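Below is one structure, written out as structure tokens, with a few remarks after it.
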Amino acid sequence: MDSNMKREIILDNYSHPFNRGTGGDEYIKVNSNNESCIDNIDLYIKFNDGIIEDIQFDGEACAISTASTSIMIKNMVGKNVDEVLSYIKNFEAMLNEEKYEDTEFNEAVVFDETYKQGNRKTCVTLPYNGIKRAIEEYNNSTL
């Protein structure tokens, strides 16, 4: 994918993010922020029997964090916890220039060269860190 197409996807997801909103009482809420910039998002994740039924988000963040959150949500809804954790591990491998499989990334491939701007890795991974914490909270609540 060329850099212009990547830029278009990022800007579209920033300008028109998927599932911006706040969940209800049945959602687990986690906050992800970057202490060195404005990135501060709340994720609202609704689990149903180990499957992510819905994710919404709200807050203020840069174009990269907002786009990453929007794209992540599109890729996570409908997956079970194990699939999500496997996806995140594979996604992080891509960001760290390790061997990865991009067949399930869809639009998330726009971040395949993030390693070239190391400070942007924090922006891209912000929502992923939040969803990992939400999964931990969900798993602890089902014990």
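Identifiers in the structure tokens: chain A, B, ... in order shown; residue index from 1 per chain; ligand index from 1 in order shown.
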Near A:Cys123, within 8 Å and counting only C-alpha atoms, which residues show up once chain neighbours fewer than 5 positions away are dropped, as a PDB file with N, CA, C and O atoms, in the first residue's frame?
```
ATOM      1  N   ASN A  34      -1.405   8.957  27.212  1.00  0.00           N
ATOM      2  CA  ASN A  34       0.019   9.132  26.998  1.00  0.00           C
ATOM      3  C   ASN A  34       0.413  10.383  27.780  1.00  0.00           C
ATOM      4  O   ASN A  34      -0.023  11.483  27.449  1.00  0.00           O
ATOM      5  N   ASP A  39      -2.970  12.615  24.176  1.00  0.00           N
ATOM      6  CA  ASP A  39      -3.711  11.366  23.980  1.00  0.00           C
ATOM      7  C   ASP A  39      -4.308  10.867  25.288  1.00  0.00           C
ATOM      8  O   ASP A  39      -3.588  10.522  26.225  1.00  0.00           O
ATOM      9  N   CYS A  62      -4.440  12.439  19.276  1.00  0.00           N
ATOM     10  CA  CYS A  62      -3.898  12.833  17.978  1.00  0.00           C
ATOM     11  C   CYS A  62      -4.508  11.979  16.868  1.00  0.00           C
ATOM     12  O   CYS A  62      -5.216  11.003  17.115  1.00  0.00           O
ATOM     13  N   ILE A  64      -3.100   9.887  14.872  1.00  0.00           N
ATOM     14  CA  ILE A  64      -2.612   8.502  14.862  1.00  0.00           C
ATOM     15  C   ILE A  64      -3.340   7.660  15.911  1.00  0.00           C
ATOM     16  O   ILE A  64      -3.810   6.561  15.618  1.00  0.00           O
ATOM     17  N   SER A  65      -3.447   8.159  17.141  1.00  0.00           N
ATOM     18  CA  SER A  65      -4.135   7.403  18.196  1.00  0.00           C
ATOM     19  C   SER A  65      -5.611   7.219  17.884  1.00  0.00           C
ATOM     20  O   SER A  65      -6.172   6.136  18.083  1.00  0.00           O
ATOM     21  N   SER A  68      -5.907   4.739  15.017  1.00  0.00           N
ATOM     22  CA  SER A  68      -5.564   3.402  15.501  1.00  0.00           C
ATOM     23  C   SER A  68      -6.712   2.813  16.316  1.00  0.00           C
ATOM     24  O   SER A  68      -7.039   1.632  16.181  1.00  0.00           O
TER      25      SER A  68
END
```
Counting only C-alpha atoms, which residues of stretch 43-70 of chain A fall within 9 Å of stretch 125-137 of chain A, and what is the closest atom pair for each with its distance in Å at one decimal, ordered by chain and rising number, as a tab-separated table?
```
residue	atom	partner	partner_atom	distance
A:Leu43	CA	A:Gly130	CA	6.9
A:Tyr44	CA	A:Ala134	CA	8.6
A:Ile45	CA	A:Ala134	CA	7.2
A:Phe47	CA	A:Ile135	CA	9.0
A:Ser65	CA	A:Leu126	CA	6.6
A:Thr66	CA	A:Pro127	CA	8.7
A:Ser68	CA	A:Pro127	CA	7.2
A:Thr69	CA	A:Pro127	CA	5.4
```
Save the residues we just selected, C-alpha atoms, as a CSV table (one decimal), in the first residue's frame?
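Output below, filename out-v2.csv:
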```csv
chain,number,residue,atom,x,y,z
A,43,LEU,CA,-12.5,2.6,25.9
A,44,TYR,CA,-15.9,0.9,26.7
A,45,ILE,CA,-15.9,-2.8,26.0
A,47,PHE,CA,-18.1,-8.7,26.5
A,65,SER,CA,-4.1,7.4,18.2
A,66,THR,CA,-7.7,8.2,17.1
A,68,SER,CA,-5.6,3.4,15.5
A,69,THR,CA,-8.5,3.2,18.0
```
Next on the checklist: Residues within 10 Å of A:Ser15, please, as a VMD selection string. Count only C-alpha atoms; anything in the same chain fewer than 3 positions from it doesn't count.
Outcome noted: chain A and resid 9 to 12 18 63 66 to 67
Next on the checklist: Using only C-alpha atoms for the distances, tell me which of A:Asn119, A:Thr22, A:Gln56, A:Asn75 is nearest to A:Thr103.
Outcome noted: A:Asn75
Checklist entry - Hey, what's within 12 Å of A:Ser86 if we count only C-alpha atoms and toss same-chain stuff fewer than 3 positions away? As a PyMOL selection string, please? => result chain A and resi 76+79-83+89-93+100-101+104-105+128+132
